[in-house]
>>> print(open('target-v5.txt').read())   # compact mmCIF, C-alpha atoms
# COMPACT_ATOMS: atom_id res chain seq x y z
CA MET V 1299 -15.49 10.88 15.27
CA LEU V 1300 -13.31 13.76 14.07
CA LEU V 1301 -11.00 13.15 11.11
CA ASP V 1302 -7.78 15.09 10.61
CA THR V 1303 -8.45 14.78 6.90
CA ALA V 1304 -5.14 15.99 5.48
CA SER V 1305 -3.21 13.68 7.79
CA LEU V 1306 -5.27 10.75 6.51
CA TYR V 1307 -5.15 11.57 2.80
CA PHE V 1308 -1.37 12.06 3.00
CA ARG V 1309 -1.14 8.58 4.52
CA ALA V 1310 -3.45 7.21 1.87
CA TYR V 1311 -1.32 8.81 -0.85
CA PHE V 1312 1.87 7.21 0.40
CA GLY V 1313 0.18 3.91 1.28
CA VAL V 1314 -1.68 3.25 -1.99
CA PRO V 1315 0.31 2.88 -5.24
CA ASP V 1316 0.01 5.77 -7.69
CA SER V 1317 -0.80 3.16 -10.32
CA VAL V 1318 -4.35 3.51 -8.97
CA ARG V 1319 -5.67 5.93 -11.58
CA ALA V 1320 -8.80 7.42 -13.08
CA PRO V 1321 -9.86 6.46 -16.62
CA ASP V 1322 -7.97 9.49 -17.98
CA GLY V 1323 -4.77 8.37 -16.23
CA THR V 1324 -4.92 10.84 -13.33
CA PRO V 1325 -3.69 9.31 -10.04
CA VAL V 1326 -6.53 8.85 -7.52
CA ASN V 1327 -4.66 6.79 -4.93
CA ALA V 1328 -5.22 9.36 -2.18
CA VAL V 1329 -8.93 9.68 -3.04
CA ARG V 1330 -9.61 5.97 -3.07
CA GLY V 1331 -7.35 5.29 -0.11
CA LEU V 1332 -9.14 7.91 1.99
CA LEU V 1333 -12.55 6.48 1.07
CA ASP V 1334 -11.38 3.05 2.21
CA PHE V 1335 -9.97 4.57 5.40
CA ILE V 1336 -13.31 6.21 6.21
CA GLY V 1337 -15.22 3.04 5.40
CA ARG V 1338 -13.01 1.00 7.73
CA LEU V 1339 -13.30 3.57 10.52
CA VAL V 1340 -17.09 3.70 10.31
CA GLN V 1341 -17.32 -0.08 10.10
CA ASP V 1342 -15.08 -0.67 13.10
CA HIS V 1343 -16.25 2.15 15.38
CA ARG V 1344 -19.82 3.00 14.25
CA PRO V 1345 -19.72 6.68 15.28
CA ASP V 1346 -23.00 8.56 15.53
CA ASP V 1347 -21.37 11.66 14.04
CA LEU V 1348 -18.49 12.00 11.60
CA VAL V 1349 -16.72 15.23 10.67
CA ALA V 1350 -13.94 15.54 8.09
CA CYS V 1351 -11.99 18.48 9.54
CA TRP V 1352 -10.25 20.54 6.89
CA ASP V 1353 -7.17 22.77 6.67
CA ALA V 1354 -8.70 25.98 5.32
CA ASP V 1355 -5.33 27.53 6.24
CA TRP V 1356 -2.48 25.12 6.92
CA ARG V 1357 -0.16 27.91 8.19
CA PRO V 1358 -2.25 30.66 9.83
CA GLN V 1359 -0.65 34.08 9.81
CA TRP V 1360 -1.40 34.61 13.51
CA ARG V 1361 0.84 31.65 14.33
CA VAL V 1362 3.57 32.84 11.94
CA ASP V 1363 3.47 36.31 13.51
CA LEU V 1364 4.35 34.71 16.85
CA ILE V 1365 6.94 32.22 15.56
CA PRO V 1366 8.10 33.09 12.00
CA SER V 1367 9.72 29.67 11.52
CA TYR V 1368 6.35 27.93 11.98
CA LYS V 1369 6.09 25.44 9.09
CA ALA V 1370 8.31 27.75 7.02
CA HIS V 1371 10.27 24.84 5.54
CA ARG V 1372 7.04 23.46 4.05
CA VAL V 1373 6.15 26.59 2.06
CA ALA V 1374 6.19 25.90 -1.68
CA VAL V 1375 4.98 29.31 -2.87
CA GLN V 1376 4.87 32.53 -0.85
CA THR V 1377 1.76 34.28 -2.09
CA GLY V 1378 1.73 37.40 0.09
CA ALA V 1379 -1.03 40.02 0.16
CA GLY V 1380 -2.92 38.17 2.87
CA VAL V 1381 -3.35 35.05 0.74
CA PRO V 1382 -2.31 31.79 2.49
CA ASP V 1383 1.04 30.40 1.36
CA GLU V 1384 0.91 27.24 -0.71
CA GLU V 1385 2.11 24.11 1.07
CA GLU V 1386 4.70 21.90 -0.56
CA THR V 1387 2.66 18.92 -1.73
CA PRO V 1388 3.61 16.04 -4.04
CA ASP V 1389 2.74 16.91 -7.65
CA THR V 1390 0.35 13.99 -8.00
CA LEU V 1391 -1.38 14.61 -4.65
CA ALA V 1392 -2.26 18.30 -5.03
CA PRO V 1393 -4.81 17.74 -7.84
CA GLN V 1394 -6.52 15.04 -5.76
CA VAL V 1395 -7.35 17.34 -2.83
CA PRO V 1396 -10.23 19.18 -4.56
CA VAL V 1397 -11.55 15.81 -5.76
CA ILE V 1398 -11.55 14.56 -2.17
CA ALA V 1399 -13.47 17.66 -1.08
CA GLU V 1400 -16.05 17.25 -3.85
CA VAL V 1401 -16.57 13.55 -3.17
CA LEU V 1402 -17.01 14.07 0.60
CA ASP V 1403 -19.45 16.92 -0.01
CA THR V 1404 -21.45 14.88 -2.52
CA LEU V 1405 -21.57 11.92 -0.14
CA GLY V 1406 -23.03 14.18 2.53
CA ILE V 1407 -20.15 13.67 4.97
CA ALA V 1408 -19.70 16.87 6.98
CA ARG V 1409 -16.52 18.68 5.92
CA VAL V 1410 -15.60 21.66 8.08
CA GLY V 1411 -12.82 24.15 7.56
CA VAL V 1412 -12.64 27.81 8.62
CA ALA V 1413 -10.53 30.55 7.05
CA GLY V 1414 -7.53 31.42 9.20
CA TYR V 1415 -7.48 28.11 11.05
CA GLU V 1416 -6.01 24.65 10.70
CA ALA V 1417 -7.97 21.41 10.92
CA ASP V 1418 -6.42 20.94 14.38
CA ASP V 1419 -8.22 24.08 15.54
CA VAL V 1420 -11.54 22.86 14.16
CA ILE V 1421 -10.96 19.57 15.98
CA GLY V 1422 -10.10 21.40 19.20
CA THR V 1423 -13.25 23.50 19.03
CA LEU V 1424 -15.53 20.57 18.22
CA THR V 1425 -13.96 18.50 20.98
CA GLY V 1426 -14.56 21.27 23.50
CA ARG V 1427 -18.22 21.49 22.49
CA ALA V 1428 -18.89 17.74 22.45
CA ALA V 1429 -21.15 16.30 25.12
CA GLY V 1430 -20.29 12.65 24.53
CA PRO V 1431 -17.24 10.56 23.73
CA VAL V 1432 -14.90 11.83 21.00
CA ASP V 1433 -12.53 9.80 18.86
CA ILE V 1434 -9.96 11.93 17.01
CA VAL V 1435 -8.33 10.09 14.10
CA THR V 1436 -4.98 11.63 13.21
CA GLY V 1437 -1.38 10.86 12.45
CA ASP V 1438 -0.39 14.15 14.11
CA ARG V 1439 0.81 13.81 17.69
CA ASP V 1440 0.05 17.49 18.36
CA LEU V 1441 -3.54 16.46 18.99
CA TYR V 1442 -2.51 14.34 21.97
CA GLN V 1443 -3.08 17.56 23.93
CA LEU V 1444 -6.84 16.99 23.62
CA VAL V 1445 -6.82 13.58 25.33
CA ASP V 1446 -9.10 13.71 28.37
CA ASP V 1447 -10.30 10.54 30.10
CA ALA V 1448 -12.91 12.39 32.16
CA ARG V 1449 -14.56 13.69 28.99
CA ARG V 1450 -13.91 10.42 27.11
CA VAL V 1451 -11.72 12.07 24.49
CA ARG V 1452 -9.06 9.87 22.94
CA VAL V 1453 -6.82 9.92 19.87
CA LEU V 1454 -6.78 7.02 17.42
CA TYR V 1455 -3.34 7.14 15.82
CA PRO V 1456 -2.94 4.99 12.68
CA LEU V 1457 -0.05 2.56 12.86
CA LYS V 1458 -0.88 0.57 9.74
CA GLY V 1459 -3.62 1.94 7.54
CA VAL V 1460 -6.53 2.53 9.87
CA GLY V 1461 -7.05 -1.12 10.67
CA THR V 1462 -4.38 -0.95 13.37
CA LEU V 1463 -4.81 2.09 15.58
CA GLN V 1464 -2.92 3.15 18.67
CA VAL V 1465 -5.58 4.12 21.19
CA THR V 1466 -4.11 7.11 22.99
CA ASP V 1467 -5.62 7.82 26.41
CA GLU V 1468 -4.17 9.40 29.54
CA ALA V 1469 -2.60 6.14 30.74
CA TRP V 1470 -0.78 5.73 27.41
CA LEU V 1471 0.41 9.36 27.46
CA ARG V 1472 1.76 9.04 31.00
CA GLU V 1473 3.50 5.78 30.15
CA ARG V 1474 5.06 7.17 26.97
CA TYR V 1475 5.71 10.82 27.82
CA GLY V 1476 5.05 11.24 31.55
CA VAL V 1477 2.35 13.87 30.95
CA ASP V 1478 -1.42 14.16 30.52
CA GLY V 1479 -3.15 15.82 27.57
CA PRO V 1480 -2.68 19.48 28.58
CA GLY V 1481 0.86 18.67 29.68
CA TYR V 1482 1.67 17.55 26.15
CA VAL V 1483 1.54 21.19 25.00
CA ASP V 1484 4.29 22.15 27.46
CA LEU V 1485 6.33 19.07 26.56
CA ALA V 1486 6.04 19.77 22.82
CA LEU V 1487 7.02 23.42 22.98
CA LEU V 1488 10.00 22.75 25.27
CA ARG V 1489 11.21 19.84 23.12
CA GLY V 1490 10.48 21.57 19.82
CA ASP V 1491 9.24 19.96 16.63
CA PRO V 1492 11.29 20.25 13.42
CA SER V 1493 8.33 19.05 11.34
CA ASP V 1494 6.40 22.17 12.42
CA GLY V 1495 9.35 24.54 12.52
CA LEU V 1496 9.17 24.89 16.30
CA PRO V 1497 12.68 25.51 17.63
CA GLY V 1498 12.06 24.42 21.22
CA VAL V 1499 14.45 25.35 23.99
CA PRO V 1500 18.01 24.51 22.90
CA GLY V 1501 19.43 21.68 24.97
CA ILE V 1502 16.04 20.64 26.37
CA GLY V 1503 15.04 17.36 24.74
CA GLU V 1504 11.99 15.22 25.34
CA LYS V 1505 13.32 13.37 28.38
CA THR V 1506 14.61 16.51 30.07
CA ALA V 1507 11.34 18.31 29.35
CA ALA V 1508 9.38 15.44 30.92
CA LYS V 1509 11.61 15.50 34.01
CA LEU V 1510 11.21 19.27 34.38
CA LEU V 1511 7.43 19.00 34.08
CA ASP V 1512 7.38 16.21 36.63
CA ALA V 1513 9.45 18.32 39.02
CA PHE V 1514 7.74 21.69 38.56
CA GLY V 1515 4.24 20.79 37.37
CA ASP V 1516 3.85 22.87 34.23
CA LEU V 1517 5.55 25.48 32.06
CA ALA V 1518 4.71 28.30 34.46
CA GLY V 1519 6.25 26.30 37.30
CA ILE V 1520 9.40 25.68 35.30
CA MET V 1521 9.82 29.36 34.43
CA ALA V 1522 9.21 30.32 38.06
CA ALA V 1523 12.01 27.91 38.98
CA VAL V 1524 14.35 29.84 36.68
CA ASP V 1525 13.98 32.82 39.01
CA ASP V 1526 14.38 30.75 42.18
CA PRO V 1527 18.04 30.02 43.01
CA ALA V 1528 16.94 27.19 45.32
CA SER V 1529 14.75 25.44 42.73
CA GLY V 1530 17.21 22.69 41.81
CA LEU V 1531 17.63 23.54 38.14
CA THR V 1532 21.13 22.92 36.87
CA PRO V 1533 23.07 26.03 35.82
CA SER V 1534 22.85 25.03 32.16
CA GLN V 1535 19.10 24.43 32.34
CA ARG V 1536 18.58 27.77 34.07
CA LYS V 1537 20.65 29.56 31.42
CA ARG V 1538 18.91 27.90 28.48
CA LEU V 1539 15.43 28.55 29.82
CA ASP V 1540 16.29 32.13 30.72
CA GLU V 1541 17.59 32.79 27.21
CA ALA V 1542 14.44 31.24 25.73
CA ARG V 1543 11.97 33.50 27.59
CA ALA V 1544 10.79 35.27 24.45
CA TYR V 1545 10.05 31.97 22.73
CA VAL V 1546 8.42 30.44 25.81
CA ALA V 1547 6.14 33.47 26.13
CA VAL V 1548 4.55 32.99 22.68
CA ALA V 1549 4.95 29.27 21.99
CA PRO V 1550 1.92 28.10 24.01
CA LYS V 1551 -0.47 30.04 21.76
CA VAL V 1552 1.16 28.52 18.67
CA VAL V 1553 1.25 24.93 19.93
CA ARG V 1554 -2.13 24.87 21.68
CA VAL V 1555 -5.03 24.23 19.32
CA ALA V 1556 -7.67 26.92 19.24
CA GLY V 1557 -10.90 26.17 21.05
CA ASP V 1558 -12.93 29.14 19.83
CA VAL V 1559 -13.08 28.74 16.05
CA PRO V 1560 -16.24 30.37 14.61
CA LEU V 1561 -17.69 27.24 13.05
CA PRO V 1562 -20.40 27.31 10.38
CA ASP V 1563 -23.66 25.47 10.85
CA PHE V 1564 -23.45 21.87 9.68
CA ASP V 1565 -24.96 18.45 10.31
CA PRO V 1566 -22.37 16.04 11.73
CA ALA V 1567 -24.60 12.95 11.59
CA LEU V 1568 -23.62 10.07 9.34
CA PRO V 1569 -25.47 10.71 6.07
CA ALA V 1570 -28.65 8.71 5.48
CA GLY V 1571 -27.78 8.70 1.80
CA PRO V 1572 -25.66 10.61 -0.72
CA ARG V 1573 -26.48 14.30 -0.86
CA ASP V 1574 -26.69 14.09 -4.66
CA PRO V 1575 -26.75 10.51 -5.99
CA ALA V 1576 -26.62 11.58 -9.65
CA ALA V 1577 -23.62 13.82 -9.07
CA LEU V 1578 -21.93 11.04 -7.11
CA ASP V 1579 -22.40 8.67 -10.06
CA VAL V 1580 -20.74 11.24 -12.33
CA LEU V 1581 -17.79 11.61 -9.95
CA ALA V 1582 -17.45 7.84 -9.58
CA ALA V 1583 -17.29 7.38 -13.36
CA ARG V 1584 -14.99 10.34 -14.01
CA TRP V 1585 -12.46 9.43 -11.34
CA GLY V 1586 -12.79 5.65 -11.40
CA LEU V 1587 -13.69 5.45 -7.72
CA GLY V 1588 -15.14 1.98 -8.18
CA GLY V 1589 -14.86 -0.44 -5.30
CA ALA V 1590 -13.62 2.09 -2.74
CA LEU V 1591 -16.74 4.20 -3.10
CA GLN V 1592 -19.06 1.20 -3.17
CA ARG V 1593 -17.47 -0.22 -0.01
CA LEU V 1594 -17.93 3.09 1.79
CA LEU V 1595 -21.55 3.40 0.66
CA ALA V 1596 -22.25 -0.15 1.85
CA VAL V 1597 -20.91 0.74 5.30
CA LEU V 1598 -22.70 4.08 5.48
CA HIS V 1599 -26.00 2.67 4.26
CA PRO V 1600 -26.11 -1.03 5.24
>>> encode(input="target-v5.txt", output="structure tokens")
Amino acid sequence: MLLDTASLYFRAYFGVPDSVRAPDGTPVNAVRGLLDFIGRLVQDHRPDDLVACWDADWRPQWRVDLIPSYKAHRVAVQTGAGVPDEEETPDTLAPQVPVIAEVLDTLGIARVGVAGYEADDVIGTLTGRAAGPVDIVTGDRDLYQLVDDARRVRVLYPLKGVGTLQVTDEAWLRERYGVDGPGYVDLALLRGDPSDGLPGVPGIGEKTAAKLLDAFGDLAGIMAAVDDPASGLTPSQRKRLDEARAYVAVAPKVVRVAGDVPLPDFDPALPAGPRDPAALDVLAARWGLGGALQRLLAVLHP
């Protein structure tokens, strides 16, 4: 089970009241909400391995170099000098992120992030290496591209907390979007995604993109059709796609998750016990983790 950790703690933050606070008054709603999310996921799905995938760089420069608008609207502080830009994050969430990291590390839950890459890229690399079934838990539809029935890779998309999950497999993708996992990359880049700053091809929405992919197979087939007068593209479609060649040439590398991230050595197995019980007790007292932590421990170590 691979967790898109930031996606889940953002959901926890907005789903748990900020009246949930540590003894010193600091909000810990995202921390406690995430612990409950993980406990519920382990309880319901009993994975052999669990990895909290981490955004070591939420806006990698190599993606920005290709499409400068990539996530640009979410930059809070431009740091420059090769230092990752700071993401716009609610004031009461930002201080909770290092607490989440410390608690996960102290619990012994594998937490993996790699400089220069997003959590999505870590997930893509781990999925490619996995021998057995993979459940990816995320609220980010970009990861639909990894769905692969033959390799038993599916996305569990939270609809309400993590108790109600949309199980995304190839049948669901074809029903909803008319594409399979790899086809979702082509659909997404043609359609665009304002939340990621991806402009898409002007005038090509989701339905038109799906129809073009159905007719021509993939992005390469669509662009080949632009050069074929007999292909059946409408004049406006041909014009829009022709004018978007520069974008279409680089967008696949931006939208497609990396599969070759240089991962560190780590143990993905569910922890047999906290890595440092004494340190965990200190964290629990300092941050008032209470019932959420105890519920997770009871699930991890029944």
>>> residues_around(input="target-v5.txt", residues="Gly1406 of chain V", least_positions_apart="6", cutoff="6 Å", atoms="only C-alpha atoms", output="PyMOL selection string")
chain V and resi 1569+1572-1573
>>> write_last_selection(input="target-v5.txt", atoms="C-alpha atoms", output="JSON list (two decimals), in the frame of the given file")
[["chain", "number", "residue", "atom", "x", "y", "z"],
["V", 1569, "PRO", "CA", -25.47, 10.71, 6.07],
["V", 1572, "PRO", "CA", -25.66, 10.61, -0.72],
["V", 1573, "ARG", "CA", -26.48, 14.30, -0.86]]
>>> residues_around(input="target-v5.txt", residues="Gly1437 of chain V", least_positions_apart="2", cutoff="10 Å", atoms="only C-alpha atoms", output="NGL selection string")
:V and (1301-1306 or 1308-1309 or 1434-1435 or 1439-1441 or 1453-1457 or 1463)
>>> residues_around(input="target-v5.txt", residues="Pro1388 of chain V", least_positions_apart="5", cutoff="12 Å", atoms="only C-alpha atoms", output="ChimeraX atom specification")
/V:1307-1308,1311-1312,1316,1325,1328,1372,1374,1393-1395
>>> atom_distance(input="target-v5.txt", atom1="atom CA of Gly1519 of chain V", atom2="atom CA of Asp1418 of chain V")
26.7 Å
>>> closest_residue(input="target-v5.txt", among="V:Pro1315, V:Pro1492, V:Gly1337, V:Pro1321", to="Ala1583 of chain V", atoms="only C-alpha atoms")
V:Pro1321
>>> decode(input="target-v5.txt", residues="segment 1453-1471 of chain V", atoms="N, CA and C atoms", output="PDB file, in the first residue's frame")
ATOM      1  N   VAL V1453      -6.027   2.207  -7.841  1.00  0.00           N
ATOM      2  CA  VAL V1453      -6.021   3.423  -7.032  1.00  0.00           C
ATOM      3  C   VAL V1453      -7.245   3.415  -6.129  1.00  0.00           C
ATOM      4  N   LEU V1454      -7.022   3.664  -4.850  1.00  0.00           N
ATOM      5  CA  LEU V1454      -8.106   3.826  -3.883  1.00  0.00           C
ATOM      6  C   LEU V1454      -8.255   5.318  -3.633  1.00  0.00           C
ATOM      7  N   TYR V1455      -9.345   5.877  -4.145  1.00  0.00           N
ATOM      8  CA  TYR V1455      -9.554   7.329  -4.121  1.00  0.00           C
ATOM      9  C   TYR V1455     -10.566   7.655  -3.027  1.00  0.00           C
ATOM     10  N   PRO V1456     -10.171   8.392  -1.992  1.00  0.00           N
ATOM     11  CA  PRO V1456     -11.086   8.670  -0.879  1.00  0.00           C
ATOM     12  C   PRO V1456     -12.265   9.536  -1.318  1.00  0.00           C
ATOM     13  N   LEU V1457     -13.460   9.067  -1.016  1.00  0.00           N
ATOM     14  CA  LEU V1457     -14.669   9.839  -1.267  1.00  0.00           C
ATOM     15  C   LEU V1457     -15.161  10.504   0.009  1.00  0.00           C
ATOM     16  N   LYS V1458     -15.037   9.779   1.120  1.00  0.00           N
ATOM     17  CA  LYS V1458     -15.434  10.309   2.417  1.00  0.00           C
ATOM     18  C   LYS V1458     -14.481   9.717   3.449  1.00  0.00           C
ATOM     19  N   GLY V1459     -13.571  10.574   3.949  1.00  0.00           N
ATOM     20  CA  GLY V1459     -12.525  10.038   4.799  1.00  0.00           C
ATOM     21  C   GLY V1459     -11.753   8.987   4.012  1.00  0.00           C
ATOM     22  N   VAL V1460     -11.422   7.895   4.668  1.00  0.00           N
ATOM     23  CA  VAL V1460     -10.863   6.757   3.931  1.00  0.00           C
ATOM     24  C   VAL V1460     -11.714   5.517   4.167  1.00  0.00           C
ATOM     25  N   GLY V1461     -12.864   5.720   4.795  1.00  0.00           N
ATOM     26  CA  GLY V1461     -13.784   4.615   5.006  1.00  0.00           C
ATOM     27  C   GLY V1461     -14.562   4.291   3.750  1.00  0.00           C
ATOM     28  N   THR V1462     -14.756   5.303   2.902  1.00  0.00           N
ATOM     29  CA  THR V1462     -15.441   5.104   1.624  1.00  0.00           C
ATOM     30  C   THR V1462     -14.464   5.448   0.517  1.00  0.00           C
ATOM     31  N   LEU V1463     -14.013   4.429  -0.194  1.00  0.00           N
ATOM     32  CA  LEU V1463     -12.997   4.595  -1.221  1.00  0.00           C
ATOM     33  C   LEU V1463     -13.539   4.181  -2.582  1.00  0.00           C
ATOM     34  N   GLN V1464     -13.247   4.978  -3.589  1.00  0.00           N
ATOM     35  CA  GLN V1464     -13.553   4.595  -4.961  1.00  0.00           C
ATOM     36  C   GLN V1464     -12.422   3.700  -5.459  1.00  0.00           C
ATOM     37  N   VAL V1465     -12.735   2.461  -5.752  1.00  0.00           N
ATOM     38  CA  VAL V1465     -11.731   1.524  -6.244  1.00  0.00           C
ATOM     39  C   VAL V1465     -11.597   1.732  -7.751  1.00  0.00           C
ATOM     40  N   THR V1466     -10.472   2.287  -8.151  1.00  0.00           N
ATOM     41  CA  THR V1466     -10.258   2.639  -9.551  1.00  0.00           C
ATOM     42  C   THR V1466      -9.425   1.563 -10.231  1.00  0.00           C
ATOM     43  N   ASP V1467     -10.073   0.820 -11.127  1.00  0.00           N
ATOM     44  CA  ASP V1467      -9.397  -0.181 -11.945  1.00  0.00           C
ATOM     45  C   ASP V1467      -9.628   0.182 -13.411  1.00  0.00           C
ATOM     46  N   GLU V1468      -9.190  -0.687 -14.316  1.00  0.00           N
ATOM     47  CA  GLU V1468      -9.302  -0.353 -15.733  1.00  0.00           C
ATOM     48  C   GLU V1468     -10.755  -0.245 -16.185  1.00  0.00           C
ATOM     49  N   ALA V1469     -11.620  -1.094 -15.644  1.00  0.00           N
ATOM     50  CA  ALA V1469     -13.036  -1.040 -16.030  1.00  0.00           C
ATOM     51  C   ALA V1469     -13.634   0.303 -15.634  1.00  0.00           C
ATOM     52  N   TRP V1470     -13.289   0.779 -14.420  1.00  0.00           N
ATOM     53  CA  TRP V1470     -13.825   2.076 -13.968  1.00  0.00           C
ATOM     54  C   TRP V1470     -13.292   3.203 -14.847  1.00  0.00           C
ATOM     55  N   LEU V1471     -11.987   3.152 -15.167  1.00  0.00           N
ATOM     56  CA  LEU V1471     -11.404   4.205 -16.007  1.00  0.00           C
ATOM     57  C   LEU V1471     -12.065   4.251 -17.382  1.00  0.00           C
TER      58      LEU V1471
END
